[in-house]
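Next comes start_3.cif, with mmCIF, C-alpha atoms and all ligand atoms.
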```
data_upload
loop_
_atom_site.label_atom_id
_atom_site.label_comp_id
_atom_site.auth_asym_id
_atom_site.auth_seq_id
_atom_site.Cartn_x
_atom_site.Cartn_y
_atom_site.Cartn_z
CA MET J 6 64.70 55.26 -3.93
CA SER J 7 67.02 54.15 -6.65
CA ARG J 8 65.68 50.90 -8.06
CA ASP J 9 68.29 51.21 -10.81
CA ARG J 10 71.16 50.99 -8.31
CA ILE J 11 69.82 47.69 -6.99
CA ARG J 12 69.21 46.41 -10.51
CA GLU J 13 72.80 47.33 -11.46
CA GLN J 14 74.03 45.19 -8.57
CA THR J 15 71.93 42.16 -9.45
CA THR J 16 72.99 42.35 -13.11
CA ARG J 17 76.65 42.51 -12.06
CA ASN J 18 76.39 39.88 -9.29
CA TYR J 19 74.51 37.20 -11.26
CA ASN J 20 76.36 33.85 -11.12
CA LYS J 21 79.35 35.38 -9.25
CA LEU J 22 78.89 33.32 -6.08
CA LEU J 23 77.59 30.11 -7.64
CA GLY J 24 79.70 27.23 -6.35
CA VAL J 25 79.71 28.56 -2.77
CA GLU J 26 77.30 26.40 -0.82
CA ILE J 27 75.74 26.15 2.61
CA LYS J 28 77.65 23.12 3.88
CA GLY J 29 75.91 23.07 7.26
CA ILE J 30 73.12 24.90 9.04
CA GLY J 31 71.92 25.11 12.63
CA SER J 32 69.77 27.20 14.91
CA TYR J 33 68.89 27.69 18.54
CA LEU J 34 65.84 29.03 20.37
CA PRO J 35 65.86 29.62 24.14
CA GLU J 36 63.57 27.37 26.17
CA LYS J 37 61.38 30.05 27.68
CA VAL J 38 58.31 30.94 25.58
CA LEU J 39 56.29 34.11 26.07
CA LYS J 40 52.82 33.80 24.58
CA ASN J 41 50.50 36.66 23.66
CA SER J 42 48.35 35.59 26.60
CA ASP J 43 51.38 36.20 28.88
CA LEU J 44 51.80 39.70 27.41
CA GLU J 45 48.12 40.42 28.12
CA LYS J 46 49.05 40.17 31.82
CA MET J 47 52.03 42.51 31.43
CA MET J 48 50.55 45.39 29.36
CA ASP J 49 47.40 46.74 27.76
CA THR J 50 47.27 44.44 24.73
CA SER J 51 45.42 41.42 23.44
CA ASP J 52 46.16 38.21 21.58
CA GLU J 53 43.61 39.32 18.99
CA TRP J 54 45.41 42.67 18.35
CA ILE J 55 48.88 41.14 18.11
CA THR J 56 47.80 38.22 15.92
CA SER J 57 45.72 40.26 13.50
CA ARG J 58 48.33 43.07 13.17
CA THR J 59 51.49 40.92 13.01
CA GLY J 60 50.82 37.16 12.79
CA ILE J 61 52.81 36.65 16.01
CA LYS J 62 51.41 34.24 18.65
CA ALA J 63 54.52 33.62 20.78
CA ARG J 64 58.24 34.36 21.01
CA HIS J 65 61.24 32.81 22.79
CA VAL J 66 63.10 34.73 25.50
CA ALA J 67 66.68 34.13 26.66
CA SER J 68 67.25 33.21 30.32
CA ASP J 69 69.03 35.71 32.58
CA GLU J 70 72.24 33.69 32.17
CA GLN J 71 72.14 33.71 28.35
CA ALA J 72 73.77 36.45 26.27
CA THR J 73 73.72 36.82 22.48
CA SER J 74 77.01 34.88 22.26
CA ASP J 75 75.47 31.91 24.11
CA LEU J 76 72.59 31.63 21.64
CA GLY J 77 75.00 32.17 18.74
CA ALA J 78 77.42 29.53 20.04
CA GLU J 79 74.63 26.92 20.23
CA ALA J 80 73.53 27.67 16.65
CA ALA J 81 77.16 27.70 15.48
CA LEU J 82 77.96 24.30 16.98
CA ASN J 83 74.81 22.84 15.39
CA ALA J 84 75.84 24.25 11.98
CA ILE J 85 79.44 23.01 12.28
CA ASN J 86 78.21 19.57 13.29
CA ASP J 87 75.73 19.56 10.38
CA ALA J 88 78.61 20.38 8.02
CA GLY J 89 80.56 17.39 9.32
CA LEU J 90 83.31 19.70 10.56
CA ILE J 91 84.89 20.56 13.92
CA PRO J 92 85.27 24.12 15.31
CA GLU J 93 89.00 24.14 14.47
CA ASP J 94 88.06 23.90 10.76
CA ILE J 95 86.48 27.38 10.78
CA ASP J 96 88.63 30.12 9.17
CA LEU J 97 86.36 33.11 9.77
CA ILE J 98 83.43 33.87 12.10
CA ILE J 99 81.07 36.67 11.07
CA LEU J 100 78.37 37.51 13.59
CA ALA J 101 75.43 39.65 12.50
CA THR J 102 73.77 41.20 15.52
CA ALA J 103 72.02 44.32 16.74
CA THR J 104 72.31 43.13 20.34
CA PRO J 105 75.97 42.27 21.02
CA ASP J 106 77.18 41.08 24.44
CA HIS J 107 79.30 44.24 24.81
CA PHE J 108 80.63 47.10 22.70
CA ILE J 109 84.13 45.80 23.41
CA SER J 110 84.96 43.16 22.28
CA ALA J 111 83.23 41.65 19.26
CA SER J 112 80.75 38.93 20.20
CA ALA J 113 82.10 36.87 17.27
CA SER J 114 85.35 36.56 19.25
CA ILE J 115 83.40 35.54 22.36
CA ILE J 116 81.67 32.84 20.30
CA GLN J 117 85.06 31.74 18.96
CA HIS J 118 86.15 31.16 22.57
CA LYS J 119 82.89 29.48 23.63
CA ILE J 120 82.81 26.97 20.76
CA LYS J 121 86.57 26.29 21.17
CA ALA J 122 87.37 27.29 17.59
CA GLY J 123 91.06 27.60 16.84
CA GLU J 124 92.83 30.78 15.83
CA CYS J 125 90.66 32.37 13.13
CA ALA J 126 89.36 35.74 11.95
CA CYS J 127 86.32 37.11 13.83
CA TYR J 128 84.18 40.19 13.55
CA ASP J 129 80.66 41.51 14.11
CA ILE J 130 78.57 43.33 11.57
CA ALA J 131 75.71 45.71 12.35
CA ALA J 132 73.15 45.85 9.54
CA GLY J 133 69.97 45.43 11.56
CA CYS J 134 67.55 42.74 10.45
CA SER J 135 69.39 42.52 7.08
CA GLY J 136 72.58 41.53 8.95
CA PHE J 137 72.53 37.81 8.22
CA VAL J 138 72.16 38.40 4.47
CA TYR J 139 74.98 40.97 4.60
CA GLY J 140 77.07 38.35 6.44
CA ILE J 141 76.33 35.73 3.79
CA VAL J 142 77.34 38.09 0.98
CA ILE J 143 80.60 39.03 2.75
CA GLY J 144 81.45 35.48 3.85
CA ALA J 145 80.67 33.81 0.52
CA GLN J 146 83.12 36.11 -1.26
CA TYR J 147 86.02 34.93 0.93
CA VAL J 148 85.15 31.35 -0.05
CA GLN J 149 84.66 32.20 -3.72
CA ASN J 150 88.01 33.97 -4.00
CA GLY J 151 89.82 31.16 -2.18
CA LYS J 152 90.93 33.19 0.85
CA PHE J 153 89.09 30.92 3.32
CA ASP J 154 87.72 27.36 3.12
CA ASN J 155 85.03 27.44 5.82
CA VAL J 156 83.26 30.61 6.89
CA LEU J 157 80.77 30.58 9.77
CA VAL J 158 78.02 33.19 9.44
CA ILE J 159 75.78 33.63 12.48
CA GLY J 160 72.72 35.78 13.17
CA SER J 161 72.06 35.97 16.91
CA GLU J 162 69.89 38.30 18.97
CA THR J 163 68.62 38.87 22.50
CA LEU J 164 66.22 41.71 21.69
CA SER J 165 64.22 41.01 24.85
CA ARG J 166 67.08 42.74 26.76
CA PHE J 167 66.64 45.95 24.77
CA LEU J 168 62.86 46.39 24.84
CA ASN J 169 60.83 48.86 26.81
CA TRP J 170 58.27 46.47 28.28
CA ASP J 171 56.00 49.47 28.93
CA ASP J 172 55.84 50.25 25.20
CA ARG J 173 53.18 47.99 23.71
CA ASN J 174 53.94 49.35 20.20
CA SER J 175 57.32 47.61 20.08
CA ALA J 176 57.55 45.10 22.96
CA VAL J 177 55.08 42.63 21.45
CA LEU J 178 57.01 42.30 18.18
CA PHE J 179 60.40 40.83 19.08
CA GLY J 180 61.92 37.56 20.26
CA ASP J 181 65.33 35.97 20.91
CA GLY J 182 67.10 33.30 18.87
CA ALA J 183 70.04 32.41 16.65
CA GLY J 184 70.78 30.76 13.32
CA ALA J 185 74.09 29.90 11.65
CA VAL J 186 75.52 28.48 8.45
CA VAL J 187 78.92 27.19 7.35
CA LEU J 188 79.83 28.36 3.83
CA SER J 189 82.28 26.29 1.77
CA LYS J 190 83.16 25.54 -1.88
CA SER J 191 80.67 23.12 -3.44
CA SER J 192 81.68 20.12 -5.52
CA ASP J 193 78.67 21.03 -7.72
CA PRO J 194 79.38 24.32 -9.55
CA LYS J 195 75.63 24.82 -10.25
CA ARG J 196 74.80 24.89 -6.55
CA GLY J 197 75.07 28.00 -4.39
CA PHE J 198 74.34 31.72 -4.46
CA LEU J 199 72.90 32.59 -7.87
CA ASN J 200 72.56 36.28 -7.10
CA PHE J 201 72.82 38.75 -4.22
CA CYS J 202 72.31 42.38 -3.34
CA ILE J 203 73.04 44.55 -0.27
CA THR J 204 71.90 48.13 0.10
CA SER J 205 70.85 50.86 2.53
CA ASN J 206 68.44 53.77 2.37
CA PRO J 207 70.34 57.01 3.11
CA ASP J 208 67.20 58.36 4.77
CA GLY J 209 64.82 57.12 7.43
CA GLY J 210 67.27 55.65 9.93
CA GLU J 211 65.63 57.66 12.71
CA HIS J 212 62.51 55.49 12.46
CA LEU J 213 64.22 52.52 14.14
CA THR J 214 66.86 53.25 16.76
CA LEU J 215 68.28 52.50 20.17
CA PRO J 216 69.17 56.10 21.01
CA ALA J 217 71.48 55.89 24.05
CA GLY J 218 74.61 54.04 25.07
CA GLY J 219 76.79 54.97 22.09
CA SER J 220 79.14 57.86 21.39
CA ALA J 221 76.32 60.14 20.20
CA CYS J 222 74.38 59.79 23.45
CA PHE J 223 76.41 58.37 26.29
CA THR J 224 74.63 56.38 29.03
CA SER J 225 73.54 58.49 32.00
CA ALA J 226 70.91 58.32 34.73
CA GLU J 227 68.72 60.47 32.48
CA THR J 228 69.00 58.13 29.45
CA VAL J 229 68.18 55.15 31.65
CA ASN J 230 65.22 56.87 33.30
CA SER J 231 63.81 57.89 29.92
CA LYS J 232 64.40 54.36 28.51
CA LYS J 233 66.63 55.64 25.72
CA HIS J 234 68.65 52.42 26.03
CA THR J 235 65.70 50.49 24.52
CA VAL J 236 64.35 50.09 20.98
CA HIS J 237 62.44 53.11 19.61
CA MET J 238 60.37 52.53 16.51
CA ASN J 239 57.97 54.37 14.24
CA GLY J 240 55.98 51.30 13.19
CA LYS J 241 54.11 52.88 10.29
CA GLU J 242 57.27 54.26 8.66
CA VAL J 243 59.15 51.00 9.12
CA PHE J 244 56.20 49.15 7.61
CA LYS J 245 56.28 51.40 4.53
CA PHE J 246 60.04 51.01 4.13
CA ALA J 247 59.93 47.22 4.53
CA THR J 248 57.21 46.66 1.94
CA THR J 249 58.78 49.01 -0.62
CA TRP J 250 62.43 48.07 -0.31
CA GLY J 251 61.74 44.39 0.37
CA THR J 252 59.75 44.25 -2.87
CA ASN J 253 62.35 46.19 -4.87
CA VAL J 254 65.26 44.02 -3.72
CA ALA J 255 63.31 40.82 -4.42
CA ALA J 256 62.17 42.05 -7.85
CA ALA J 257 65.70 43.09 -8.86
CA LEU J 258 67.11 39.71 -7.81
CA VAL J 259 64.52 37.86 -9.86
CA GLU J 260 64.80 40.17 -12.89
CA GLY J 261 68.58 39.85 -12.74
CA SER J 262 68.55 36.07 -12.63
CA LEU J 263 65.49 34.08 -13.54
CA GLU J 264 62.75 33.57 -16.07
CA GLY J 265 59.85 34.84 -14.01
CA ILE J 266 58.85 35.10 -10.40
CA ASN J 267 56.56 32.07 -10.16
CA ASP J 268 58.51 29.86 -12.61
CA GLY J 269 61.93 30.75 -11.25
CA ILE J 270 61.41 30.92 -7.50
CA SER J 271 60.61 27.71 -5.59
CA TYR J 272 60.44 29.32 -2.14
CA PHE J 273 60.59 32.76 -0.56
CA ILE J 274 61.88 33.53 2.93
CA PRO J 275 61.40 37.18 3.88
CA HIS J 276 62.68 38.60 7.17
CA GLN J 277 60.13 37.70 9.84
CA ALA J 278 59.01 41.12 11.08
CA ASN J 279 55.32 41.04 10.35
CA GLU J 280 53.14 38.60 8.40
CA ARG J 281 51.27 41.55 6.82
CA ILE J 282 54.53 43.07 5.50
CA ASN J 283 55.46 39.73 3.96
CA LEU J 284 52.06 39.07 2.35
CA SER J 285 52.16 42.60 0.95
CA ILE J 286 55.59 41.90 -0.61
CA CYS J 287 54.22 38.69 -2.20
CA LYS J 288 51.28 40.62 -3.60
CA ARG J 289 53.47 43.40 -5.02
CA LEU J 290 55.74 40.77 -6.62
CA ASN J 291 52.79 38.73 -7.95
CA LEU J 292 54.39 35.82 -6.11
CA ASP J 293 52.17 32.93 -5.02
CA SER J 294 52.11 33.35 -1.22
CA ASN J 295 52.08 29.53 -0.84
CA LYS J 296 55.77 29.74 -1.76
CA MET J 297 56.47 31.89 1.29
CA LEU J 298 58.01 30.11 4.30
CA SER J 299 57.44 31.59 7.73
CA ASN J 300 57.83 30.90 11.43
CA ILE J 301 56.82 34.31 12.77
CA ALA J 302 53.85 32.87 14.68
CA THR J 303 56.16 31.04 17.08
CA THR J 304 59.31 33.20 17.10
CA GLY J 305 58.28 36.83 16.60
CA ASN J 306 60.86 39.12 15.03
CA THR J 307 64.34 37.77 15.85
CA SER J 308 66.08 40.37 13.65
CA SER J 309 69.27 38.96 12.08
CA ALA J 310 68.41 35.44 13.27
CA SER J 311 65.06 35.24 11.49
CA ILE J 312 66.12 34.08 7.99
CA PRO J 313 68.54 31.32 9.11
CA LEU J 314 66.00 30.14 11.69
CA VAL J 315 63.35 29.59 8.99
CA MET J 316 65.94 28.08 6.61
CA ASP J 317 67.13 25.61 9.23
CA GLN J 318 63.62 24.56 10.19
CA GLU J 319 62.65 24.01 6.54
CA ILE J 320 65.89 22.19 5.62
CA LYS J 321 65.34 19.83 8.58
CA LYS J 322 61.77 19.23 7.32
CA GLY J 323 63.17 18.27 3.88
CA THR J 324 61.35 21.12 2.11
CA PHE J 325 64.07 21.91 -0.45
CA LYS J 326 64.92 19.57 -3.33
CA LYS J 327 67.99 19.62 -5.58
CA GLY J 328 67.65 22.46 -8.10
CA ASP J 329 65.14 24.47 -6.03
CA SER J 330 65.72 28.24 -5.91
CA LEU J 331 65.25 30.04 -2.61
CA LEU J 332 64.76 33.82 -2.55
CA ALA J 333 65.62 35.38 0.84
CA VAL J 334 65.14 39.07 1.60
CA GLY J 335 66.03 41.05 4.74
CA PHE J 336 65.13 44.61 5.73
CA GLY J 337 65.63 46.55 8.93
CA ALA J 338 67.47 49.16 10.96
CA GLY J 339 69.77 51.44 8.99
CA LEU J 340 67.52 51.38 7.11
CA THR J 341 69.10 48.45 5.29
CA ALA J 342 67.81 45.88 2.81
CA ALA J 343 69.48 42.83 1.29
CA GLY J 344 68.72 39.59 -0.45
CA PHE J 345 70.04 36.50 -2.19
CA ILE J 346 68.86 33.67 -4.40
CA TYR J 347 70.27 30.29 -3.36
CA ARG J 348 70.10 27.27 -5.64
CA PHE J 349 70.02 23.92 -3.84
N1 LIG J 401 48.16 46.12 21.64
C1 LIG J 401 47.03 46.81 21.48
N2 LIG J 401 46.96 47.99 20.85
C2 LIG J 401 48.11 48.49 20.34
C3 LIG J 401 49.33 47.81 20.47
C4 LIG J 401 49.34 46.58 21.15
N3 LIG J 401 50.46 45.86 21.32
N4 LIG J 401 50.28 48.55 19.87
C5 LIG J 401 49.69 49.63 19.37
N5 LIG J 401 48.38 49.60 19.66
C6 LIG J 401 47.36 50.57 19.32
C7 LIG J 401 47.93 51.92 19.01
O1 LIG J 401 48.16 52.64 20.19
C8 LIG J 401 46.83 52.54 18.17
O2 LIG J 401 45.81 53.00 19.02
P1 LIG J 401 45.15 54.45 18.79
O3 LIG J 401 44.53 54.35 17.40
O4 LIG J 401 44.17 54.53 19.89
O5 LIG J 401 46.29 55.40 18.86
C9 LIG J 401 46.25 51.33 17.42
O6 LIG J 401 46.69 50.17 18.12
C10 LIG J 401 46.64 51.25 15.98
O7 LIG J 401 48.00 51.42 15.90
P2 LIG J 401 48.69 51.47 14.49
O8 LIG J 401 50.08 51.96 14.69
O9 LIG J 401 47.82 52.14 13.50
O10 LIG J 401 48.73 49.94 14.10
P3 LIG J 401 49.31 49.33 12.78
O11 LIG J 401 48.22 48.66 12.05
O12 LIG J 401 50.18 50.29 12.03
O13 LIG J 401 50.28 48.20 13.35
C11 LIG J 401 52.55 47.71 13.86
C12 LIG J 401 51.34 48.56 14.19
C13 LIG J 401 52.19 46.24 14.07
C14 LIG J 401 53.71 48.09 14.76
C15 LIG J 401 52.92 47.95 12.39
O14 LIG J 401 53.03 49.32 12.14
C16 LIG J 401 54.18 47.27 12.01
O15 LIG J 401 54.28 46.06 12.02
N6 LIG J 401 55.20 48.03 11.61
C17 LIG J 401 56.47 47.44 11.26
C18 LIG J 401 57.32 47.47 12.47
C19 LIG J 401 58.29 46.35 12.52
O16 LIG J 401 58.11 45.28 11.96
N7 LIG J 401 59.34 46.60 13.24
C20 LIG J 401 60.31 45.57 13.47
C21 LIG J 401 61.65 46.08 13.43
S1 LIG J 401 62.13 46.50 11.85
C22 LIG J 401 62.14 45.22 10.96
O17 LIG J 401 62.35 44.13 11.41
C23 LIG J 401 61.81 45.46 9.59
#
```
Once more with this new file: its structure as structure tokens, please.
Amino acid sequence: MSRDRIREQTTRNYNKLLGVEIKGIGSYLPEKVLKNSDLEKMMDTSDEWITSRTGIKARHVASDEQATSDLGAEAALNAINDAGLIPEDIDLIILATATPDHFISASASIIQHKIKAGECACYDIAAGCSGFVYGIVIGAQYVQNGKFDNVLVIGSETLSRFLNWDDRNSAVLFGDGAGAVVLSKSSDPKRGFLNFCITSNPDGGEHLTLPAGGSACFTSAETVNSKKHTVHMNGKEVFKFATTWGTNVAAALVEGSLEGINDGISYFIPHQANERINLSICKRLNLDSNKMLSNIATTGNTSSASIPLVMDQEIKKGTFKKGDSLLAVGFGAGLTAAGFIYRF
């Protein structure tokens, strides 16, 4: 992998999005909770195996009536309210999702309708579990260059709909949820996105796929019978990718911006895929793992929703103080990786 390419980005991007702040944040988790003990009744697994391999104890699951846009709309309204705005104030809605309501049309437009936003720009982006960070990087640039005042970036997923519940390798890992932020110009030019980086490995995409239902493999009775419309994953390969690229993106962001990892970074929020992946990234970075914030035990892997879900929970707890630097890193299907440093 080209560490130099990432480093080039973080050298170029340093300070470019400072002054664009998170004006409001919100999240939503469906009511229903599926514990490891519930999964023990559904498949050949154990709480001990899941906890020791992943750190996951439980995950939330959408009701039959809830689609990705419903979860996203709840998170969006919470974020807009937190920002002190109304839905009509939003100029652009970017939805990061791997589990849209439909192929046609964009779920961002469905959320626009559900939250009663006015006429505004809307689109979905597909960058796997890195999607929210990609959305932040795209959305913040519209604010920075003055094209839009208030950009809503949402990560929302209903992965439970796309799992093969007979495949214990993947079914135990994922959960449903949504998180959202409103990005706007800050009155404090020192606040905002200190650095950012988005990238994708040209190889390895086959290790994490949903093979059927698209133009390469149209839905048929055969694809349904063979469960090709569900998530297929090579866990070991994804693990290797996540630890390597997650570390490289984080290291490049820090090297491109700050004094040193433990002096410069107040908190670290990695994508919540697996506690072991995240502890391994801390170790490779020589980052004190007490700085890592996590909710994987109660949410599982919510893909693009995972970073804003942790951020929202920690902001509501009052974790971050003025001047703190938050490093966030995503990695996932593509295989993509992305990160930012946000200064409060
Ligand atoms: N319960 C019990 N046993 C299981 C389960 C389960 N749910 N799943 C697998 N096993 C078994 C396997 O069959 C295997 O048994 P065998 O040795 O008899 O064949 C054994 O446990 C060990 O399996 P491994 O694959 O070696 O387990 P490993 O330690 O690699 O952990 C895991 C597997 C947790 C999937 C790990 O590889 C991982 O986390 N990979 C990353 C995957 C990921 O996070 N994907 C999310 C999407 S991508 C993203 O968000 C980055």
All residues 7 Å or closer to region 127-134 of chain J, only C-alpha atoms, same chain fewer than 2 positions away omitted, as a compact mmCIF listing (two decimals) with C-alpha atoms, in the frame of the given file:
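Saved file result-v7.txt follows:
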```txt
# COMPACT_ATOMS: atom_id res chain seq x y z
CA LEU J 97 86.36 33.11 9.77
CA ILE J 98 83.43 33.87 12.10
CA ILE J 99 81.07 36.67 11.07
CA LEU J 100 78.37 37.51 13.59
CA ALA J 101 75.43 39.65 12.50
CA THR J 102 73.77 41.20 15.52
CA ALA J 103 72.02 44.32 16.74
CA ALA J 111 83.23 41.65 19.26
CA SER J 112 80.75 38.93 20.20
CA ALA J 113 82.10 36.87 17.27
CA SER J 114 85.35 36.56 19.25
CA CYS J 125 90.66 32.37 13.13
CA GLY J 136 72.58 41.53 8.95
CA SER J 308 66.08 40.37 13.65
CA SER J 309 69.27 38.96 12.08
CA GLY J 335 66.03 41.05 4.74
CA PHE J 336 65.13 44.61 5.73
CA GLY J 337 65.63 46.55 8.93
CA ALA J 338 67.47 49.16 10.96
CA GLY J 339 69.77 51.44 8.99
CA THR J 341 69.10 48.45 5.29
```
**CA of Glu319 (chain J) to CA of Phe167 (chain J), straight-line distance in Å** =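 Calculated distance between CA of Phe167 (chain J) and CA of Glu319 (chain J) is 28.8 Å.
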What are the closest atom pairs, with distances in Å to one decimal, for each residue of region 81-170 of chain J lying within 12 Å of region 189-205 of chain J, using only C-alpha atoms, rows by chain and rising residue number, as CSV?
```
residue,atom,partner,partner_atom,distance
J:Ile85,CA,J:Ser189,CA,11.4
J:Ala88,CA,J:Ser189,CA,9.4
J:Gly89,CA,J:Ser189,CA,11.8
J:Leu90,CA,J:Ser189,CA,11.0
J:Asp94,CA,J:Ser189,CA,11.0
J:Ile95,CA,J:Ser189,CA,10.0
J:Asp96,CA,J:Ser189,CA,10.5
J:Leu97,CA,J:Ser189,CA,11.3
J:Ala132,CA,J:Ser205,CA,8.9
J:Gly133,CA,J:Ser205,CA,10.6
J:Cys134,CA,J:Ser205,CA,11.8
J:Ser135,CA,J:Ile203,CA,8.5
J:Gly136,CA,J:Ile203,CA,9.7
J:Phe137,CA,J:Ile203,CA,10.9
J:Val138,CA,J:Ile203,CA,7.8
J:Tyr139,CA,J:Ile203,CA,6.3
J:Gly140,CA,J:Ile203,CA,10.0
J:Ile141,CA,J:Phe201,CA,9.3
J:Val142,CA,J:Phe201,CA,6.9
J:Ile143,CA,J:Ile203,CA,9.8
J:Gly144,CA,J:Ser189,CA,9.5
J:Ala145,CA,J:Ser189,CA,7.8
J:Gln146,CA,J:Ser189,CA,10.3
J:Tyr147,CA,J:Ser189,CA,9.5
J:Val148,CA,J:Ser189,CA,6.1
J:Gln149,CA,J:Lys190,CA,7.1
J:Asn150,CA,J:Lys190,CA,10.0
J:Gly151,CA,J:Lys190,CA,8.7
J:Lys152,CA,J:Ser189,CA,11.1
J:Phe153,CA,J:Ser189,CA,8.4
J:Asp154,CA,J:Ser189,CA,5.7
J:Asn155,CA,J:Ser189,CA,5.0
J:Val156,CA,J:Ser189,CA,6.8
J:Leu157,CA,J:Ser189,CA,9.2
J:Val158,CA,J:Ser189,CA,11.2
```
**Prompt:** When the cut-off is 6 Å and you count all atoms listed in the file, which residues lie near ligand LIG 401 (chain J), shown as a ChimeraX atom specification?
**Reply:** /J:50-51,54-55,58-59,134,173-174,177,240-241,243-244,247,278-279,308,336-337
**Of the listed residues J:Asp171, J:Glu242, J:Asp329, J:Asp52, that which approaches Glu211 (chain J) most closely, counting all atoms listed in the file** =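 Of all the options, J:Glu242 lies closest to Glu211 (chain J).
Between CA of Thr228 (chain J) and CA of Phe179 (chain J) the interatomic distance comes to 21.9 Å.
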Region 77-173 of chain J near region 181-185 of chain J within 9 Å: what's each residue's closest atom pair and its distance in Å to one decimal, counting all atoms listed in the file, ordered by chain then ascending residue number, as CSV?
```
residue,atom,partner,partner_atom,distance
J:Gly77,CA,J:Ala183,CA,5.4
J:Ala78,CA,J:Ala183,CA,8.6
J:Glu79,CA,J:Ala183,CA,8.0
J:Ala80,CA,J:Gly184,CA,5.3
J:Ala81,CA,J:Ala185,CA,5.4
J:Leu82,CA,J:Ala185,CA,8.6
J:Asn83,CA,J:Ala185,CA,8.0
J:Ala84,CA,J:Ala185,CA,5.9
J:Ile85,CA,J:Ala185,CA,8.7
J:Leu100,CA,J:Ala185,CA,8.9
J:Phe137,CA,J:Ala185,CA,8.8
J:Leu157,CA,J:Ala185,CA,7.0
J:Val158,CA,J:Ala185,CA,5.6
J:Ile159,CA,J:Ala185,CA,4.2
J:Gly160,CA,J:Gly184,CA,5.4
J:Ser161,CA,J:Ala183,CA,4.1
J:Glu162,CA,J:Asp181,CA,5.5
J:Thr163,CA,J:Asp181,CA,4.7
J:Leu164,CA,J:Asp181,CA,5.9
J:Ser165,CA,J:Asp181,CA,6.5
```
Those same residues - C-alpha atoms - I'd like them written as a PDB file, in the coordinates of the input.
```
ATOM      1  CA  GLY J  77      75.000  32.170  18.740  1.00  0.00           C
ATOM      2  CA  ALA J  78      77.420  29.530  20.040  1.00  0.00           C
ATOM      3  CA  GLU J  79      74.630  26.920  20.230  1.00  0.00           C
ATOM      4  CA  ALA J  80      73.530  27.670  16.650  1.00  0.00           C
ATOM      5  CA  ALA J  81      77.160  27.700  15.480  1.00  0.00           C
ATOM      6  CA  LEU J  82      77.960  24.300  16.980  1.00  0.00           C
ATOM      7  CA  ASN J  83      74.810  22.840  15.390  1.00  0.00           C
ATOM      8  CA  ALA J  84      75.840  24.250  11.980  1.00  0.00           C
ATOM      9  CA  ILE J  85      79.440  23.010  12.280  1.00  0.00           C
ATOM     10  CA  LEU J 100      78.370  37.510  13.590  1.00  0.00           C
ATOM     11  CA  PHE J 137      72.530  37.810   8.220  1.00  0.00           C
ATOM     12  CA  LEU J 157      80.770  30.580   9.770  1.00  0.00           C
ATOM     13  CA  VAL J 158      78.020  33.190   9.440  1.00  0.00           C
ATOM     14  CA  ILE J 159      75.780  33.630  12.480  1.00  0.00           C
ATOM     15  CA  GLY J 160      72.720  35.780  13.170  1.00  0.00           C
ATOM     16  CA  SER J 161      72.060  35.970  16.910  1.00  0.00           C
ATOM     17  CA  GLU J 162      69.890  38.300  18.970  1.00  0.00           C
ATOM     18  CA  THR J 163      68.620  38.870  22.500  1.00  0.00           C
ATOM     19  CA  LEU J 164      66.220  41.710  21.690  1.00  0.00           C
ATOM     20  CA  SER J 165      64.220  41.010  24.850  1.00  0.00           C
TER      21      SER J 165
END
```
**Message:** Using only C-alpha atoms, can you tell me which of J:Ile116, J:Leu178, J:Ile320, J:Val66 comes closest to Gln277 (chain J)?
**Reply:**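 Using only C-alpha atoms, the shortest distance to Gln277 (chain J) belongs to J:Leu178.
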**Prompt:** Smallest atom-to-atom distance to Gly265 (chain J): which of J:Ser110, J:Asn291, J:Thr56, J:Thr15, using only C-alpha atoms?
**Reply:**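 Once distances to Gly265 (chain J) are computed over only C-alpha atoms, the minimum belongs to J:Asn291.
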**Message:** As an exercise, work out the distance from CA of Leu213 (chain J) to CA of Ala176 (chain J) in Å and give it to one decimal place.
**Reply:**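 Between CA of Leu213 (chain J) and CA of Ala176 (chain J) the gap is 13.3 Å.
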Please produce region 165-170 of chain J, completed to N, CA, C and O atoms, as a compact mmCIF listing (two decimals), in the frame of the given file.
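Now in result39.txt:
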```txt
# COMPACT_ATOMS: atom_id res chain seq x y z
N SER J 165 65.05 40.86 23.63
CA SER J 165 64.22 41.01 24.85
C SER J 165 64.94 41.89 25.89
O SER J 165 64.30 42.52 26.71
N ARG J 166 66.30 41.93 25.81
CA ARG J 166 67.08 42.74 26.76
C ARG J 166 66.98 44.24 26.45
O ARG J 166 67.34 45.06 27.29
N PHE J 167 66.57 44.56 25.23
CA PHE J 167 66.64 45.95 24.77
C PHE J 167 65.25 46.53 24.47
O PHE J 167 65.13 47.48 23.72
N LEU J 168 64.23 45.91 25.06
CA LEU J 168 62.86 46.39 24.84
C LEU J 168 62.38 47.18 26.03
O LEU J 168 62.75 46.88 27.18
N ASN J 169 61.53 48.16 25.74
CA ASN J 169 60.83 48.86 26.81
C ASN J 169 59.51 48.11 27.01
O ASN J 169 58.59 48.22 26.18
N TRP J 170 59.44 47.34 28.07
CA TRP J 170 58.27 46.47 28.28
C TRP J 170 57.04 47.27 28.64
O TRP J 170 55.95 46.71 28.82
```
